[in-house]
$ cat start22.tsv   # TSV, C-alpha atoms
chain	number	residue	atom	x	y	z
A	29	MET	CA	-28.93	220.48	-87.88
A	30	LYS	CA	-28.67	221.16	-91.58
A	31	ARG	CA	-30.03	224.45	-92.84
A	32	PHE	CA	-31.34	225.32	-96.28
A	33	LEU	CA	-31.40	228.80	-97.78
A	34	ALA	CA	-33.75	229.46	-100.71
A	35	ALA	CA	-33.50	232.58	-102.86
A	36	LEU	CA	-35.16	233.11	-106.22
A	37	LEU	CA	-33.87	235.37	-108.98
A	38	LEU	CA	-36.08	235.35	-112.07
A	39	LEU	CA	-34.39	234.97	-115.45
A	40	ILE	CA	-35.73	234.57	-119.00
A	41	ALA	CA	-36.90	231.10	-118.04
A	42	PRO	CA	-37.42	230.13	-114.39
A	43	ALA	CA	-34.73	227.75	-113.20
A	44	LEU	CA	-33.54	226.36	-109.89
A	45	VAL	CA	-29.90	225.80	-109.05
A	46	VAL	CA	-28.77	223.59	-106.18
A	47	ALA	CA	-25.02	223.40	-105.52
A	48	ASP	CA	-23.75	220.21	-103.83
A	49	ALA	CA	-27.29	219.20	-102.92
A	50	GLY	CA	-28.43	215.81	-101.67
A	51	ALA	CA	-28.99	216.04	-97.93
A	52	SER	CA	-31.61	213.77	-96.35
A	53	PHE	CA	-35.05	215.39	-96.21
A	54	ASP	CA	-37.22	215.70	-93.11
A	55	PRO	CA	-40.46	217.79	-93.26
A	56	LYS	CA	-39.51	219.17	-89.84
A	57	GLU	CA	-36.13	220.37	-91.16
A	58	LYS	CA	-35.74	224.10	-90.58
A	59	ILE	CA	-35.25	226.27	-93.65
A	60	SER	CA	-34.94	229.97	-94.44
A	61	VAL	CA	-36.80	231.33	-97.45
A	62	ASP	CA	-36.51	234.73	-99.11
A	63	LEU	CA	-38.62	234.84	-102.30
A	64	LYS	CA	-39.81	238.19	-103.60
A	65	ASP	CA	-42.56	238.72	-106.15
A	66	ALA	CA	-42.09	235.14	-107.38
A	67	SER	CA	-44.70	233.06	-109.16
A	68	ILE	CA	-46.32	230.48	-106.90
A	69	ALA	CA	-45.22	227.77	-109.32
A	70	ASP	CA	-41.58	228.87	-108.98
A	71	VAL	CA	-41.86	228.88	-105.19
A	72	VAL	CA	-43.23	225.33	-105.13
A	73	THR	CA	-40.60	224.13	-107.63
A	74	THR	CA	-37.87	225.63	-105.42
A	75	LEU	CA	-39.17	223.88	-102.31
A	76	GLY	CA	-39.58	220.59	-104.15
A	77	ALA	CA	-35.96	220.67	-105.27
A	78	LEU	CA	-34.74	221.45	-101.73
A	79	ALA	CA	-36.70	218.45	-100.47
A	80	GLY	CA	-35.62	216.20	-103.34
A	81	LEU	CA	-39.27	215.49	-104.21
A	82	PRO	CA	-41.02	215.35	-107.61
A	83	VAL	CA	-43.30	218.33	-108.09
A	84	TYR	CA	-46.85	218.50	-109.49
A	85	ILE	CA	-48.49	221.91	-109.94
A	86	ASP	CA	-52.12	221.92	-111.00
A	87	PRO	CA	-52.67	223.79	-114.32
A	88	ASP	CA	-54.97	226.39	-112.73
A	89	VAL	CA	-52.38	227.47	-110.12
A	90	SER	CA	-51.33	231.05	-110.88
A	91	GLY	CA	-50.32	234.28	-109.17
A	92	LYS	CA	-47.28	235.68	-107.38
A	93	MET	CA	-46.21	235.95	-103.78
A	94	THR	CA	-43.48	237.21	-101.46
A	95	ILE	CA	-42.36	235.06	-98.56
A	96	GLN	CA	-39.58	235.60	-96.02
A	97	THR	CA	-38.94	233.15	-93.18
A	98	GLU	CA	-35.93	232.21	-91.10
A	99	ASP	CA	-35.26	228.86	-89.41
A	100	VAL	CA	-38.79	227.46	-89.54
A	101	PRO	CA	-39.82	223.87	-90.35
A	102	PHE	CA	-40.32	223.00	-94.02
A	103	GLU	CA	-43.87	221.83	-93.28
A	104	PHE	CA	-44.67	225.21	-91.68
A	105	VAL	CA	-43.56	226.98	-94.88
A	106	LEU	CA	-46.05	224.86	-96.84
A	107	LYS	CA	-48.85	225.87	-94.47
A	108	LEU	CA	-47.79	229.52	-94.71
A	109	ILE	CA	-47.93	229.45	-98.52
A	110	SER	CA	-51.34	227.78	-98.43
A	111	GLY	CA	-52.68	230.37	-96.00
A	112	GLN	CA	-51.37	233.32	-98.01
A	113	THR	CA	-52.41	232.16	-101.48
A	114	GLY	CA	-55.38	229.86	-101.10
A	115	ILE	CA	-53.36	227.23	-102.98
A	116	TRP	CA	-53.23	223.87	-101.21
A	117	VAL	CA	-49.52	222.92	-101.01
A	118	ARG	CA	-48.66	219.59	-99.42
A	119	ILE	CA	-46.61	216.39	-99.65
A	120	GLU	CA	-48.79	213.70	-101.20
A	121	ASN	CA	-47.76	210.17	-102.20
A	122	GLY	CA	-44.08	211.05	-102.35
A	123	LYS	CA	-44.37	214.32	-104.27
A	124	LEU	CA	-44.88	218.00	-103.52
A	125	VAL	CA	-48.30	219.04	-104.84
A	126	ALA	CA	-49.89	222.46	-105.34
A	127	SER	CA	-53.56	222.70	-106.33
A	128	ARG	CA	-56.70	224.74	-105.73
A	129	SER	CA	-58.64	221.66	-104.68
A	130	LYS	CA	-58.15	217.94	-104.16
A	131	ASP	CA	-60.51	217.01	-106.95
A	132	SER	CA	-58.69	218.98	-109.66
A	133	LEU	CA	-55.58	216.80	-109.70
A	134	PHE	CA	-54.68	214.46	-112.54
A	135	ALA	CA	-58.04	214.75	-114.35
A	136	ALA	CA	-56.48	214.08	-117.77
A	137	LEU	CA	-52.92	213.07	-116.96
A	138	THR	CA	-53.03	209.50	-118.23
A	139	VAL	CA	-49.92	208.24	-119.98
A	140	PRO	CA	-50.33	208.14	-123.79
A	141	GLU	CA	-50.88	204.62	-125.07
A	142	ARG	CA	-47.62	204.59	-127.05
A	143	PHE	CA	-45.74	204.99	-123.75
A	144	HIS	CA	-47.62	202.34	-121.74
A	145	ASP	CA	-44.48	200.18	-121.55
A	146	ALA	CA	-41.93	202.97	-121.07
A	147	PRO	CA	-39.63	202.53	-118.03
A	148	ARG	CA	-41.04	204.10	-114.88
A	149	ILE	CA	-41.18	203.75	-111.10
A	150	PRO	CA	-43.98	204.58	-108.64
A	151	VAL	CA	-43.78	208.22	-107.55
A	152	SER	CA	-43.52	207.14	-103.92
A	153	GLU	CA	-40.23	205.32	-104.68
A	154	VAL	CA	-38.38	208.18	-106.39
A	155	ARG	CA	-36.41	209.43	-103.41
A	156	GLY	CA	-35.49	205.98	-102.13
A	157	ALA	CA	-34.38	204.73	-105.56
A	158	ALA	CA	-31.78	207.46	-105.94
A	159	SER	CA	-30.42	207.15	-102.39
A	160	SER	CA	-30.17	203.35	-101.97
A	161	LEU	CA	-27.68	202.37	-104.66
A	162	PRO	CA	-25.12	199.64	-103.96
A	163	PRO	CA	-21.39	200.41	-103.86
A	164	PHE	CA	-19.52	200.32	-107.13
A	165	TYR	CA	-16.05	199.07	-107.89
A	166	LEU	CA	-13.26	200.85	-109.72
A	167	ARG	CA	-10.38	198.78	-111.11
A	168	THR	CA	-7.34	200.66	-112.37
A	169	ARG	CA	-4.17	199.57	-114.16
A	170	TRP	CA	-1.44	202.23	-114.21
A	171	ASN	CA	1.82	201.35	-115.96
A	172	GLY	CA	1.18	197.69	-115.20
A	173	ILE	CA	0.24	198.21	-111.52
A	174	GLU	CA	-3.31	197.06	-110.75
A	175	SER	CA	-5.54	198.18	-107.88
A	176	CYS	CA	-9.23	198.10	-106.97
A	177	ALA	CA	-11.36	200.48	-104.91
A	178	ARG	CA	-14.83	199.94	-103.43
A	179	LEU	CA	-16.66	203.27	-103.53
A	180	GLU	CA	-19.82	204.40	-101.75
A	181	PHE	CA	-21.54	207.79	-101.92
A	182	PRO	CA	-23.81	208.21	-98.87
A	183	GLU	CA	-26.52	210.82	-99.32
A	184	GLY	CA	-25.64	214.17	-97.81
A	185	GLU	CA	-21.85	213.81	-98.08
A	186	ARG	CA	-19.51	215.42	-100.60
A	187	PRO	CA	-19.76	213.42	-103.82
A	188	THR	CA	-16.02	213.13	-104.66
A	189	ILE	CA	-13.66	210.35	-103.53
A	190	SER	CA	-9.90	210.45	-104.18
A	191	VAL	CA	-8.40	207.16	-105.39
A	192	PRO	CA	-4.56	206.93	-105.47
A	193	LEU	CA	-3.43	204.65	-108.32
A	194	THR	CA	-0.89	202.92	-106.04
A	195	GLU	CA	0.01	202.93	-102.35
A	196	ASP	CA	3.03	205.13	-103.15
A	197	ALA	CA	2.47	208.63	-101.73
A	198	SER	CA	3.75	210.15	-104.99
A	199	ALA	CA	1.36	208.17	-107.21
A	200	PRO	CA	-1.19	210.04	-109.35
A	201	VAL	CA	-4.68	210.43	-107.89
A	202	LEU	CA	-7.98	209.76	-109.66
A	203	TYR	CA	-10.85	211.92	-108.39
A	204	VAL	CA	-14.17	210.09	-108.76
A	205	THR	CA	-17.40	212.12	-108.55
A	206	GLN	CA	-20.97	210.82	-108.69
A	207	PHE	CA	-22.76	213.88	-110.07
A	208	ASP	CA	-26.21	212.45	-110.84
A	209	VAL	CA	-28.45	209.39	-110.53
A	210	ASP	CA	-31.41	208.43	-112.71
A	211	PRO	CA	-33.90	206.91	-110.22
A	212	VAL	CA	-35.86	205.05	-112.92
A	213	SER	CA	-32.98	203.08	-114.47
A	214	ARG	CA	-30.85	203.39	-111.30
A	215	THR	CA	-28.01	204.59	-113.51
A	216	ARG	CA	-25.29	206.66	-111.87
A	217	PHE	CA	-23.28	209.26	-113.76
A	218	ILE	CA	-19.59	209.44	-112.84
A	219	ALA	CA	-16.96	212.07	-113.66
A	220	LEU	CA	-13.26	211.14	-113.60
A	221	ASP	CA	-10.70	213.86	-112.94
A	222	GLY	CA	-7.03	214.18	-112.04
A	223	ALA	CA	-5.10	211.21	-113.43
A	224	MET	CA	-7.76	210.81	-116.14
A	225	SER	CA	-10.54	213.02	-117.51
A	226	GLY	CA	-13.76	211.32	-118.53
A	227	VAL	CA	-17.39	210.53	-117.84
A	228	LEU	CA	-19.05	207.16	-117.30
A	229	SER	CA	-22.55	205.84	-116.72
A	230	ILE	CA	-23.02	202.57	-114.86
A	231	GLY	CA	-25.93	200.63	-113.41
A	232	GLY	CA	-26.92	197.04	-112.74
A	233	ARG	CA	-24.51	194.63	-114.40
A	234	GLN	CA	-23.08	197.24	-116.76
A	235	VAL	CA	-19.32	197.62	-117.10
A	236	ALA	CA	-17.84	200.97	-118.20
A	237	THR	CA	-14.21	201.35	-119.26
A	238	ARG	CA	-11.79	204.11	-120.30
A	239	GLU	CA	-8.13	204.17	-121.32
A	240	ARG	CA	-5.49	206.90	-121.49
A	241	GLN	CA	-1.97	206.88	-122.91
A	242	ASP	CA	0.42	209.84	-122.65
A	243	ALA	CA	4.00	210.73	-121.73
A	244	SER	CA	3.46	209.63	-118.11
A	245	GLY	CA	2.41	206.14	-119.16
A	246	SER	CA	-0.79	204.16	-119.60
A	247	LEU	CA	-3.92	204.10	-117.45
A	248	SER	CA	-7.05	201.97	-117.86
A	249	VAL	CA	-10.18	202.18	-115.71
A	250	LEU	CA	-13.05	199.71	-115.30
A	251	ALA	CA	-16.16	200.67	-113.29
A	252	THR	CA	-19.01	198.32	-112.38
A	253	GLU	CA	-21.52	197.54	-109.64
A	254	LYS	CA	-20.70	193.84	-110.01
A	255	PRO	CA	-18.72	192.89	-106.86
A	256	GLN	CA	-14.95	192.69	-107.38
A	257	GLU	CA	-12.40	191.19	-105.02
A	258	PRO	CA	-10.12	192.12	-103.47
A	259	CYS	CA	-11.05	195.79	-103.34
A	260	ARG	CA	-10.13	198.38	-100.75
A	261	ALA	CA	-12.97	200.55	-99.42
A	262	ARG	CA	-12.46	204.24	-100.16
A	263	SER	CA	-14.66	206.86	-98.53
A	264	ALA	CA	-12.45	209.90	-97.81
A	265	ARG	CA	-14.08	212.98	-99.31
A	266	GLU	CA	-12.04	215.45	-101.28
A	267	GLU	CA	-12.39	219.20	-100.78
A	268	PRO	CA	-12.71	221.09	-104.08
A	269	PRO	CA	-10.13	223.76	-105.04
A	270	GLN	CA	-10.81	227.30	-103.82
A	271	ARG	CA	-11.79	228.73	-107.18
A	272	ASP	CA	-15.13	229.73	-108.69
A	273	VAL	CA	-16.12	229.63	-112.34
A	274	GLN	CA	-19.06	231.48	-113.87
A	275	LEU	CA	-21.16	229.27	-116.16
A	276	ALA	CA	-24.23	229.95	-118.28
A	277	PHE	CA	-26.43	227.29	-119.87
A	278	VAL	CA	-29.36	227.55	-122.27
A	279	ALA	CA	-31.81	224.73	-123.04
A	280	ARG	CA	-34.15	225.10	-126.02
A	281	GLU	CA	-36.67	222.94	-127.72
A	282	THR	CA	-35.49	221.99	-131.18
A	283	GLY	CA	-36.72	220.23	-134.31
A	284	PRO	CA	-36.44	220.10	-138.10
A	285	GLU	CA	-37.49	223.75	-138.27
A	286	GLY	CA	-34.60	224.82	-136.00
A	287	PRO	CA	-34.33	226.21	-132.43
A	288	GLY	CA	-37.63	226.66	-130.60
A	289	GLU	CA	-38.85	227.78	-127.17
A	290	LEU	CA	-36.37	228.58	-124.43
A	291	VAL	CA	-37.07	226.20	-121.51
A	292	MET	CA	-34.16	226.74	-119.11
A	293	ALA	CA	-31.42	229.38	-118.74
A	294	PRO	CA	-29.43	228.96	-115.49
A	295	SER	CA	-26.42	231.20	-114.89
A	296	LEU	CA	-24.32	230.59	-111.80
A	297	SER	CA	-20.95	230.44	-110.12
A	298	VAL	CA	-19.73	226.99	-109.21
A	299	ARG	CA	-16.56	225.89	-107.47
A	300	ALA	CA	-14.02	224.01	-109.58
A	301	GLY	CA	-14.10	220.32	-108.66
A	302	ALA	CA	-17.74	220.54	-107.49
A	303	THR	CA	-21.17	219.48	-108.72
A	304	LEU	CA	-24.28	221.50	-109.48
A	305	LYS	CA	-27.95	220.91	-110.22
A	306	ALA	CA	-30.40	223.23	-111.92
A	307	ARG	CA	-34.13	222.63	-112.30
A	308	ALA	CA	-36.87	224.23	-114.34
A	309	GLY	CA	-40.56	223.39	-113.91
A	310	ARG	CA	-42.99	223.94	-116.80
A	311	ARG	CA	-46.45	222.94	-117.94
A	312	ASP	CA	-47.15	221.47	-121.36
A	313	ASP	CA	-49.92	223.63	-122.82
A	314	ALA	CA	-51.20	220.83	-125.06
A	315	THR	CA	-51.88	218.34	-122.25
A	316	GLY	CA	-51.67	220.32	-119.01
A	317	GLN	CA	-48.92	217.90	-117.96
A	318	GLN	CA	-46.47	219.20	-115.38
A	319	ARG	CA	-42.90	218.48	-116.50
A	320	GLU	CA	-39.46	219.22	-115.15
A	321	LEU	CA	-35.96	219.59	-116.56
A	322	VAL	CA	-32.99	218.72	-114.36
A	323	LEU	CA	-29.44	219.73	-115.30
A	324	ALA	CA	-26.69	217.92	-113.35
A	325	ALA	CA	-23.06	218.80	-114.01
A	326	TYR	CA	-19.50	218.52	-112.74
A	327	VAL	CA	-16.81	221.17	-113.28
A	328	SER	CA	-13.20	219.96	-113.47
A	329	ARG	CA	-10.69	220.76	-110.74
A	330	ASP	CA	-8.66	222.90	-113.13
A	331	ALA	CA	-11.82	224.69	-114.34
A	332	THR	CA	-11.17	223.80	-117.99
A	333	TRP	CA	-13.99	221.34	-118.74
A	334	VAL	CA	-17.50	220.35	-117.71
A	335	THR	CA	-19.61	217.23	-118.09
A	336	ALA	CA	-23.39	217.35	-117.81
A	337	VAL	CA	-26.55	215.27	-117.96
A	338	LEU	CA	-29.88	216.88	-118.84
A	339	THR	CA	-32.95	214.91	-117.74
A	340	ALA	CA	-36.59	215.47	-118.62
A	341	THR	CA	-39.12	214.12	-116.07
A	342	ALA	CA	-42.88	213.71	-115.98
A	343	ILE	CA	-45.55	212.16	-113.75
A	344	TRP	CA	-48.28	210.16	-115.50
A	345	ILE	CA	-51.21	207.98	-114.44
A	346	ASP	CA	-51.21	204.48	-115.93
A	347	PRO	CA	-54.90	203.80	-116.74
A	348	ARG	CA	-54.34	200.06	-116.39
A	349	ASP	CA	-53.90	200.28	-112.62
A	350	GLY	CA	-54.73	203.93	-111.80
A	351	SER	CA	-51.34	204.48	-110.14
A	352	GLU	CA	-48.99	207.46	-110.48
A	353	TYR	CA	-45.59	206.83	-112.06
A	354	TYR	CA	-42.43	208.85	-112.54
A	355	PHE	CA	-40.82	208.82	-116.00
A	356	THR	CA	-37.36	210.12	-116.94
A	357	GLN	CA	-35.40	210.79	-120.13
A	358	PRO	CA	-31.72	211.46	-119.37
A	359	SER	CA	-29.29	212.51	-122.08
A	360	SER	CA	-26.68	209.85	-122.76
A	361	VAL	CA	-23.06	210.05	-121.59
A	362	VAL	CA	-21.98	206.44	-122.25
A	363	GLY	CA	-18.37	206.65	-123.42
A	364	GLY	CA	-18.78	210.42	-123.59
A	365	GLU	CA	-16.09	213.05	-123.40
A	366	PRO	CA	-16.01	216.16	-121.18
A	367	ARG	CA	-16.64	219.43	-123.02
A	368	PRO	CA	-14.15	222.33	-122.80
A	369	ILE	CA	-15.36	225.42	-120.99
A	370	GLY	CA	-14.97	228.25	-123.45
A	371	PRO	CA	-16.58	228.62	-126.87
A	372	GLN	CA	-20.32	228.07	-127.14
A	373	SER	CA	-21.03	224.35	-127.55
A	374	VAL	CA	-23.91	221.87	-127.37
A	375	ILE	CA	-23.27	219.55	-124.41
A	376	ALA	CA	-26.48	217.46	-124.12
A	377	THR	CA	-29.56	216.56	-126.15
A	378	ILE	CA	-32.83	214.77	-125.32
A	379	PRO	CA	-35.11	213.37	-128.05
A	380	ALA	CA	-38.88	213.74	-127.91
A	381	GLY	CA	-40.44	211.02	-125.76
A	382	VAL	CA	-42.50	210.17	-122.71
A	383	ALA	CA	-41.15	213.07	-120.59
A	384	THR	CA	-40.87	215.78	-123.26
A	385	PRO	CA	-43.07	216.23	-126.34
A	386	ARG	CA	-40.26	218.02	-128.20
A	387	ALA	CA	-36.51	217.41	-128.45
A	388	ILE	CA	-34.34	219.60	-126.21
A	389	GLU	CA	-30.78	220.83	-126.75
A	390	LEU	CA	-28.53	222.15	-123.96
A	391	THR	CA	-25.79	224.65	-124.81
A	392	LEU	CA	-22.91	225.88	-122.63
A	393	LEU	CA	-22.50	229.56	-123.40
A	394	ALA	CA	-19.54	231.08	-121.61
A	395	ARG	CA	-16.77	230.94	-119.05
A	396	GLU	CA	-15.45	233.48	-116.60
A	397	ALA	CA	-13.05	232.57	-113.78
A	398	LYS	CA	-13.68	234.45	-110.53
A	399	PRO	CA	-11.39	234.74	-107.48
A	400	GLU	CA	-12.34	233.40	-104.07
A	401	GLY	CA	-14.81	235.57	-102.19
A	402	VAL	CA	-16.73	236.96	-105.16
A	403	GLU	CA	-20.48	236.86	-104.53
A	404	LYS	CA	-22.15	233.93	-106.32
A	405	ALA	CA	-25.00	234.55	-108.74
A	406	VAL	CA	-27.49	231.74	-109.10
A	407	SER	CA	-30.79	231.51	-110.89
A	408	ALA	CA	-32.69	230.20	-107.90
A	409	ALA	CA	-32.21	228.08	-104.75
A	410	VAL	CA	-28.84	227.29	-103.20
A	411	THR	CA	-28.21	224.63	-100.58
A	412	ALA	CA	-26.00	225.99	-97.78
A	413	ARG	CA	-24.13	223.86	-95.25
A	414	PRO	CA	-23.05	225.42	-91.94
$ encode --input "start22.tsv" --output "structure tokens"
Amino acid sequence: MKRFLAALLLLIAPALVVADAGASFDPKEKISVDLKDASIADVVTTLGALAGLPVYIDPDVSGKMTIQTEDVPFEFVLKLISGQTGIWVRIENGKLVASRSKDSLFAALTVPERFHDAPRIPVSEVRGAASSLPPFYLRTRWNGIESCARLEFPEGERPTISVPLTEDASAPVLYVTQFDVDPVSRTRFIALDGAMSGVLSIGGRQVATRERQDASGSLSVLATEKPQEPCRARSAREEPPQRDVQLAFVARETGPEGPGELVMAPSLSVRAGATLKARAGRRDDATGQQRELVLAAYVSRDATWVTAVLTATAIWIDPRDGSEYYFTQPSSVVGGEPRPIGPQSVIATIPAGVATPRAIELTLLAREAKPEGVEKAVSAAVTARP
């Protein structure tokens, strides 16, 4: 049985970090929680991320709590929080909800008219949309030798597949990592490492390509969900190198007047060649709307570069049918380049839109390589596999 460990360390802005997350969620799954003097909103956000569920926290939910449990069902933890705080915490219509009463939810959370036709999916479909993608196909041409791989990324498994460029044992290897999925557009974000460094986004009938030419020869890559034949199925997972890198990110609202409010500041150790996710829940004071920021990233196997997608999310009611919908705004990585880990640099931006009233800019601050065995520092919850 899988086991989750949640631990919350409060920073300037509350954030949640999940390393190599993605395991299937069952409300009876046993978890251990150790949260001390944490805001109730942070506790609920942490649990929502562990479960892979959208989170709604009613505007009048406030207060702090301490909770320590070991190997108890997720649903029992929800009941424990409700009993301790008087806040009703439950799974409702595909999301994790915290409120003081049933009647207080969504009183004014109707989608603004200018966003009536913005892409969205029903809240109840969020989890399924991200976990039911078709395989995708990777065609490579290395020094004139062509090959094709059929790749699948089942939920709960390591997200990297190694793809040799030829059948020769000495051939270069391309490491392909799916580090995020946008459930609304069903777009997957792919990092390429090893024989080629790059980042791609693909979905539907899209085709993404990259080329590289150096002293070792030429390599071109084509990725698509459109079936290709003949293609060999590849599913062997690749273990990341045994090396940790300390990373710090800062996300701020921005505009013509310059940098604004700090909205996320995760700092963590991540293994080279691995993925990470960080989340920050916040409420928009102007509307009372509960929003979330999700940072998904991949760190290269040699610990020299990182690629990231920052996504703003929001839940709105469409007044035309009275249903709840999930909206996302991911930063773009189409044809993008990885960013070196080192000097401070902006690595993702989101314009103002349906999921964020103000533009947001994500900056990578620093780098510090750490040897194996050094204790990891994360800004909130970490998924642990036995």
$ closest_atom_pairs --input "start22.tsv" --of "range 104-126 of chain A" --to "range 89-97 of chain A" --cutoff "12 Å" --atoms "only C-alpha atoms" --output "CSV"
residue,atom,partner,partner_atom,distance
A:Phe104,CA,A:Thr97,CA,9.9
A:Val105,CA,A:Thr97,CA,7.9
A:Leu106,CA,A:Ile95,CA,11.0
A:Lys107,CA,A:Ile95,CA,12.0
A:Leu108,CA,A:Ile95,CA,8.7
A:Ile109,CA,A:Ile95,CA,7.9
A:Ser110,CA,A:Met93,CA,11.0
A:Gly111,CA,A:Met93,CA,11.6
A:Gln112,CA,A:Met93,CA,8.2
A:Thr113,CA,A:Met93,CA,7.6
A:Gly114,CA,A:Val89,CA,9.8
A:Ile115,CA,A:Val89,CA,7.2
A:Trp116,CA,A:Val89,CA,9.6
A:Val117,CA,A:Val89,CA,10.6
A:Val125,CA,A:Val89,CA,10.8
A:Ala126,CA,A:Val89,CA,7.4
$ closest_residue --input "start22.tsv" --among "A:Ile388, A:Ala236, A:Ile345, A:Leu193" --to "Phe143 in chain A" --atoms "all atoms listed in the file"
A:Ile345
$ closest_residue --input "start22.tsv" --among "A:Cys176, A:Ala276, A:Ile375, A:Val212" --to "Ala157 in chain A" --atoms "only C-alpha atoms"
A:Val212
$ axis_aligned_box --input "start22.tsv" --around "range 211-227 of chain A" --padding-each-side "5 Å" --output "AutoDock Vina command-line options"
--center_x -20.5 --center_y 208.6 --center_z -114.4 --size_x 40.8 --size_y 21.1 --size_z 18.3
$ closest_residue --input "start22.tsv" --among "A:Ala325, A:Ala77, A:Met224, A:Ala177" --to "Glu253 in chain A" --atoms "all atoms listed in the file"
A:Ala177
$ residues_around --input "start22.tsv" --residues "range 200-206 of chain A" --least-positions-apart "2" --cutoff "8 Å" --atoms "all atoms listed in the file" --output "NGL selection string"
:A and (181 or 187-194 or 198 or 208-209 or 216-224 or 326)
$ closest_residue --input "start22.tsv" --among "A:Val235, A:Ala376, A:Ala146, A:Cys259" --to "Arg178 in chain A" --atoms "all atoms listed in the file"
A:Cys259
$ residues_near_point --input "start22.tsv" --point "(-55.4, 205.7, -116.1)" --cutoff "6 Å" --atoms "all atoms listed in the file" --output "ChimeraX atom specification"
/A:138,345-348,350
$ residues_near_point --input "start22.tsv" --point "(-40.5, 204.5, -107.9)" --cutoff "12 Å" --atoms "only C-alpha atoms" --output "ChimeraX atom specification"
/A:81-82,121-123,147-160,210-214,343,351-356
$ closest_residue --input "start22.tsv" --among "A:Glu141, A:Lys58, A:Leu63, A:Pro269" --to "Glu98 in chain A" --atoms "only C-alpha atoms"
A:Lys58
$ atom_distance --input "start22.tsv" --atom1 "CA of Pro268 in chain A" --atom2 "CA of Val327 in chain A"
10.1 Å
$ closest_residue --input "start22.tsv" --among "A:Glu281, A:Asp349, A:Glu320, A:Glu183" --to "Ala380 in chain A" --atoms "all atoms listed in the file"
A:Glu281
$ atom_distance --input "start22.tsv" --atom1 "CA of Glu267 in chain A" --atom2 "CA of Arg186 in chain A"
8.1 Å
$ decode --input "start22.tsv" --residues "range 80-111 of chain A" --atoms "C-alpha atoms" --output "mmCIF file, in the first residue's frame"
data_model
loop_
_atom_site.group_PDB
_atom_site.id
_atom_site.type_symbol
_atom_site.label_atom_id
_atom_site.label_comp_id
_atom_site.auth_asym_id
_atom_site.auth_seq_id
_atom_site.Cartn_x
_atom_site.Cartn_y
_atom_site.Cartn_z
ATOM 1 C CA GLY A 80 -4.810 15.282 -6.728
ATOM 2 C CA LEU A 81 -8.112 17.137 -6.241
ATOM 3 C CA PRO A 82 -9.033 20.778 -6.940
ATOM 4 C CA VAL A 83 -9.494 22.709 -3.710
ATOM 5 C CA TYR A 84 -12.188 25.218 -2.715
ATOM 6 C CA ILE A 85 -11.903 27.000 0.636
ATOM 7 C CA ASP A 86 -14.806 29.192 1.652
ATOM 8 C CA PRO A 87 -13.767 32.848 2.229
ATOM 9 C CA ASP A 88 -14.812 32.799 5.896
ATOM 10 C CA VAL A 89 -12.574 29.816 6.777
ATOM 11 C CA SER A 90 -9.834 31.023 9.122
ATOM 12 C CA GLY A 91 -7.763 29.907 12.100
ATOM 13 C CA LYS A 92 -4.827 27.593 12.778
ATOM 14 C CA MET A 93 -4.471 24.021 13.906
ATOM 15 C CA THR A 94 -1.975 21.294 14.783
ATOM 16 C CA ILE A 95 -2.594 17.761 13.591
ATOM 17 C CA GLN A 96 -0.434 14.643 13.914
ATOM 18 C CA THR A 97 -1.587 11.252 12.631
ATOM 19 C CA GLU A 98 0.154 8.113 11.443
ATOM 20 C CA ASP A 99 -1.173 5.542 8.971
ATOM 21 C CA VAL A 100 -4.850 6.511 9.098
ATOM 22 C CA PRO A 101 -7.278 6.732 6.151
ATOM 23 C CA PHE A 102 -7.417 10.031 4.260
ATOM 24 C CA GLU A 103 -11.170 10.263 4.905
ATOM 25 C CA PHE A 104 -10.560 9.891 8.661
ATOM 26 C CA VAL A 105 -8.154 12.858 8.563
ATOM 27 C CA LEU A 106 -10.921 14.964 7.002
ATOM 28 C CA LYS A 107 -13.301 14.000 9.808
ATOM 29 C CA LEU A 108 -10.617 14.739 12.401
ATOM 30 C CA ILE A 109 -10.040 18.242 11.001
ATOM 31 C CA SER A 110 -13.776 18.899 10.926
ATOM 32 C CA GLY A 111 -14.168 17.769 14.529
#
